[in-house]
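Have a look at the structure below before the remarks.
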Amino acid sequence: MVEVQFRFRDDETVNDPAVTVDSFSEQSNASAVRIEPGDDARDLLPYLDRLSLVEVSFPAWTDGRGYSSARLLREAGYQGEMRAVGDLVIDMLSHLKRCGFDAFAPDKALNEQDARNAFDRWDNVYQATVVDGRPAIWAKRHPA
Amino acid sequence: MYKYDEYDQQMVDTRVAEFRDQVRRRLAGDLTEDQFKPLRLQNGLYLQLHAYMLRVAVPYGTLNSAQMTLLGDIADKYDRGYGHFTTRQNIQYNWIKLEDTPDILAELAKVEMHAIQTSGNCIRNISSDQFAGAAADEIVDPRPYAELLRQWSSFHPEFLVLPRKFKIAVIASETDRAAMRLHDIGIKMVKNDAGEIGAQFYAGGGMGRTPMIAPLIREFVPLDQLITFSEACLRVYNRYGRRDNKYKARIKILVHELGRDEYVRQVEEEFAHLLTQPIEPPLAELERIKAHFTAPAYETAASDDLDLTDPDFRLWVERNTHAHKQAGYVIATVSLKPVGGIPGDATADQIRLMAQLAKDYSFDELRVTHAQNIVFPHVRKADLYTVWQALDEAGLATANLDTVGDIIACPGLDYCSLANARSIPVAQKISERFGSAQRQAEIGELKLKISGCINACGHHHAGHIGILGVDKKGLENYQLLFGGSEGADTSLAKIIGPGFTEDGVVDAIEKATEVYLANKEGEERFLDTYRRIGMDPFKEAIYG
């Protein structure tokens, strides 16, 4: 199993074996699932209660489907660990985090300092993704 | 025009720092070229045949004179003394050094400019009507909506690695001057029966290998749902757009394969869901942006008189100016298509001169058009002769707007690593063949567009006459297409027959104009005559 290099959660790291989206619905004891780019993350919506780990696979970082998968599961209320796995690059870390990822397991370990800089890069953001809990610039311009 | 606040400035400054860091890691060898490529592309930096090319964003084509002046200075300092205005209303420099780019971006940031998302598989610079805010026929100024979308699309975390590039255009007039339906998303601001302003959405248009005209996907999106609806359109595309073949990855293929109705159903479902998420900026944000686009302080009693005794000036006025919504003013277009020149190129001195003229005579505003020309949007008629004289002295007073000499051309094989054939020399030969102003006036409106490969950056599908350069057994060969249009009457051009050599295609175009002039009825343009009489008389003259 690939190492989790960065984690933004206080609970214990989940190490349950992840199963595919296809087989998840038939395995009533499974609590971890792995989403491949072509999977429909919405297939998991009926089972969010028993999930404690969602791995989203990035075979190539230039395939951005996992960003939507993560965000829509968070929008549906998923609270467990959301782990990005695979070909992760430093420059996309903060964007992954904004879509709801809170654990990062890159194929090859990333330069620690460059990665920390990347996570902290953007003091402000133009959009509300909601799932990252950050207020958009427009919200700061127009405080309620 | 829009002015950055502290947040906008911080976002652009942060991007400069991020890019500087990326270049440092690349030069240190921490990033391979393969890893660096998608990152530099999101900053408008391409590796071309001879050097890096940097594409600088001109959001919705609007510039002030300080920005334009800097564009000239960059051409001098970092390039070879000229810049190239593009069909996406941007400017690009063709001879850039990688190690200079962070400094160039830092200089741009000082005048509120950047190169964010001017390439790469992300939402590109938003384009708009070059006459926005000045056109007599607009419902509203489309630029505040484009600016709202610019901010939303900048660094949108979910949509930075889409299947393919994504282009959005916003217009607000019945006359479409921005080829809106040839965009991935085209937005037309409209008024509904209740008199409210909203957005009409079209999706799945584009040129490239498989040209498509975008179908209407929603009649009316209320202004307080504009971002949410856009987000729904993008999410469906990000999730289901094809990624197995880059030539089938644009949204037009998804819309085509699903069918318009199924795409709409999925978007509406996603939209209904996203409406439950508080992602929409308040209308107060739109109002804040709108306040930056108020009309300039026109002279209310400006005279509508224009002394047209100078025949060259008269020709230019007739060809290159448009009606303004304010009495006593006109919209003037500077053609960057001198006879025998490279379409869209301007020297550093010319760029700075246009900046100065805009400052003195156009309320400090300029526009870049998708036809690769520059617009002074608000010129007092009383100043027009002075402006024209200054342009004429600088070689910028070519009176050929929308005529056969006003050619759109991609950089072609002279610069581009994707091209199969050169575009620029063909454009130069055509513009020389039809160089006489009298001849151009006789032929009238004839939109000619040249692409050096099937990716169609020169918009050949939308040309009244389109030229497509291909490689035929190692030789450059040019196919001819007739009948395209990008206006409210958008249509796609059709290939007329076998291809030609470079000189052969120029001869063929000349014959086509002769057929037009012989068959023209009344005020018909080339396109109208072609549509009426069909392709056969042209083919007969050209191949017969």
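Naming scheme: A, B, ... for chains in displayed order of the structure tokens; residues 1 onward per chain; ligands 1 onward as shown.
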For A:Pro46, work out the shell of residues within 10 Å, counting only C-alpha atoms and skipping chain neighbours fewer than 4 positions away, then give it as a short mmCIF file (atom, residue, chain, number, x, y, z; two decimals) with all heavy atoms, in the first residue's frame.
```
data_model
loop_
_atom_site.label_atom_id
_atom_site.label_comp_id
_atom_site.auth_asym_id
_atom_site.auth_seq_id
_atom_site.Cartn_x
_atom_site.Cartn_y
_atom_site.Cartn_z
N SER A 25 -21.14 -2.38 -3.24
CA SER A 25 -22.53 -2.52 -2.81
C SER A 25 -22.83 -3.94 -2.34
O SER A 25 -23.69 -4.16 -1.50
CB SER A 25 -23.47 -2.13 -3.95
OG SER A 25 -23.22 -2.96 -5.06
N ARG A 42 -21.40 8.82 -7.58
CA ARG A 42 -22.76 8.89 -7.03
C ARG A 42 -23.32 7.50 -6.72
O ARG A 42 -24.27 7.38 -5.95
CB ARG A 42 -23.69 9.66 -7.98
CG ARG A 42 -23.42 11.16 -7.97
CD ARG A 42 -24.66 12.00 -8.29
NE ARG A 42 -24.46 13.39 -7.90
CZ ARG A 42 -24.10 14.36 -8.73
NH1 ARG A 42 -23.93 14.11 -10.01
NH2 ARG A 42 -23.92 15.60 -8.29
N ARG A 50 -21.60 3.93 6.09
CA ARG A 50 -20.65 2.90 6.48
C ARG A 50 -19.26 3.08 5.89
O ARG A 50 -18.39 2.24 6.04
CB ARG A 50 -21.20 1.50 6.19
CG ARG A 50 -21.39 1.14 4.74
CD ARG A 50 -21.84 -0.33 4.66
NE ARG A 50 -22.40 -0.70 3.40
CZ ARG A 50 -21.73 -1.32 2.43
NH1 ARG A 50 -20.45 -1.58 2.58
NH2 ARG A 50 -22.34 -1.65 1.32
#
```
Contacts from chain A to chain B, 6 Å maximum, only C-alpha atoms: show me the residue list as a PyMOL selection string.
chain A and resi 62+64-65+67+95+126-128
Taking the backbone alone, and naming residues the way the document does, which bits of chain A are strand (DSSP E or B) by DSSP, as a VMD selection string?
chain A and resid 6 to 7 19 to 20 32 to 35 53 to 58 81 to 86 103 to 106
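The residue set within 9 Å of B:Ala179, counting only C-alpha atoms and dropping same-chain residues fewer than 6 places from it, reads B:Ala169, B:Gly186, B:His370, B:Ala462, B:Ser485, B:Glu486, B:Gly487, B:Ala488, B:Thr490.
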Dump N, CA and C atoms for the selected residues as a JSON list (two decimals), in the first residue's frame?
```json
[["chain", "number", "residue", "atom", "x", "y", "z"],
["B", 169, "ALA", "N", -17.58, 32.56, -24.45],
["B", 169, "ALA", "CA", -17.77, 33.91, -24.98],
["B", 169, "ALA", "C", -19.08, 34.47, -24.44],
["B", 186, "GLY", "N", -21.34, 29.40, -25.18],
["B", 186, "GLY", "CA", -21.64, 30.74, -25.65],
["B", 186, "GLY", "C", -22.77, 31.29, -24.81],
["B", 370, "HIS", "N", -11.47, 39.62, -32.21],
["B", 370, "HIS", "CA", -11.12, 38.24, -32.56],
["B", 370, "HIS", "C", -10.63, 38.15, -34.00],
["B", 462, "ALA", "N", -15.22, 29.20, -40.46],
["B", 462, "ALA", "CA", -16.17, 30.31, -40.32],
["B", 462, "ALA", "C", -15.90, 31.42, -41.32],
["B", 485, "SER", "N", -19.71, 31.35, -41.82],
["B", 485, "SER", "CA", -20.00, 32.64, -41.21],
["B", 485, "SER", "C", -20.03, 32.48, -39.70],
["B", 486, "GLU", "N", -19.62, 33.53, -39.02],
["B", 486, "GLU", "CA", -19.56, 33.45, -37.56],
["B", 486, "GLU", "C", -20.61, 34.36, -36.92],
["B", 487, "GLY", "N", -21.38, 35.04, -37.75],
["B", 487, "GLY", "CA", -22.31, 36.03, -37.21],
["B", 487, "GLY", "C", -23.56, 35.40, -36.65],
["B", 488, "ALA", "N", -24.64, 36.21, -36.58],
["B", 488, "ALA", "CA", -25.92, 35.70, -36.10],
["B", 488, "ALA", "C", -26.40, 34.59, -37.03],
["B", 490, "THR", "N", -24.63, 32.09, -38.21],
["B", 490, "THR", "CA", -23.49, 31.17, -38.19],
["B", 490, "THR", "C", -23.70, 29.97, -39.11]]
```
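Counting only C-alpha atoms and comparing A:Asp102, A:Glu12, A:Asp43, A:Glu55, the residue that lies closest to A:Phe24 is A:Asp43.
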Contacts of A:Phe8 at 12 Å or less, counting only C-alpha atoms, minus same-chain residues fewer than 4 places along, as number ranges by chain?
A: 4, 12-13, 80-83, 97, 100-104, 119, 132
Mind dumping a table of every stretch 124-226 of chain B residue within 12 Å of stretch 364-369 of chain B, with the nearest atom pair and its distance in Å to one decimal, using only C-alpha atoms, sorted by chain and rising number, as a Markdown table?
```
| residue | atom | partner | partner_atom | distance |
| --- | --- | --- | --- | --- |
| B:Ser127 | CA | B:Thr369 | CA | 9.2 |
| B:Ser128 | CA | B:Thr369 | CA | 8.8 |
| B:Asp129 | CA | B:Thr369 | CA | 7.9 |
| B:Gln130 | CA | B:Thr369 | CA | 5.5 |
| B:Phe131 | CA | B:Arg367 | CA | 7.9 |
| B:Ala132 | CA | B:Arg367 | CA | 9.2 |
| B:Gly133 | CA | B:Glu365 | CA | 11.0 |
| B:Ala134 | CA | B:Arg367 | CA | 11.1 |
| B:Arg143 | CA | B:Arg367 | CA | 11.9 |
| B:Arg177 | CA | B:Thr369 | CA | 8.8 |
| B:Ala178 | CA | B:Thr369 | CA | 8.2 |
| B:Ala179 | CA | B:Thr369 | CA | 11.0 |
```
All residues 12 Å or closer to B:Ile533, only C-alpha atoms, same chain fewer than 2 positions away omitted, as number ranges by chain:
B: 483, 515-516, 518-521, 524, 526-531, 535-539
Nearest-residue call for B:Leu468, choices B:Glu502, B:Asp310, B:Asp193, B:Glu33, using only C-alpha atoms
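Of B:Glu502, B:Asp310, B:Asp193, B:Glu33, the one nearest B:Leu468 is B:Glu502, counting only C-alpha atoms.
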Spatial neighbours of A:Leu48, 12 Å, only C-alpha atoms, chain gap at least 2 places, as a ChimeraX atom specification
/A:24-25,30-33,41-46,50-54,72-81
For stretch 503-514 of chain B, find every residue with an atom within 9 Å (counting only C-alpha atoms), except residues of its own chain fewer than 4 positions away, and show them as a list of chain:residue names.
B:Val426, B:Lys429, B:Ile430, B:Arg433, B:Phe434, B:Ile443, B:Ile465, B:Ile467, B:Asn477, B:Tyr478, B:Gln479, B:Leu480, B:Gly499, B:Ala518, B:Asn519, B:Phe526, B:Pro537, B:Phe538, B:Lys539, B:Ala541, B:Ile542, B:Tyr543
If I take atom CA of B:Tyr361 and atom CA of B:Phe293, how far is one from the other in Å, to one decimal?
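Atom-to-atom, atom CA of B:Tyr361 and atom CA of B:Phe293 are spaced 18.1 Å apart.
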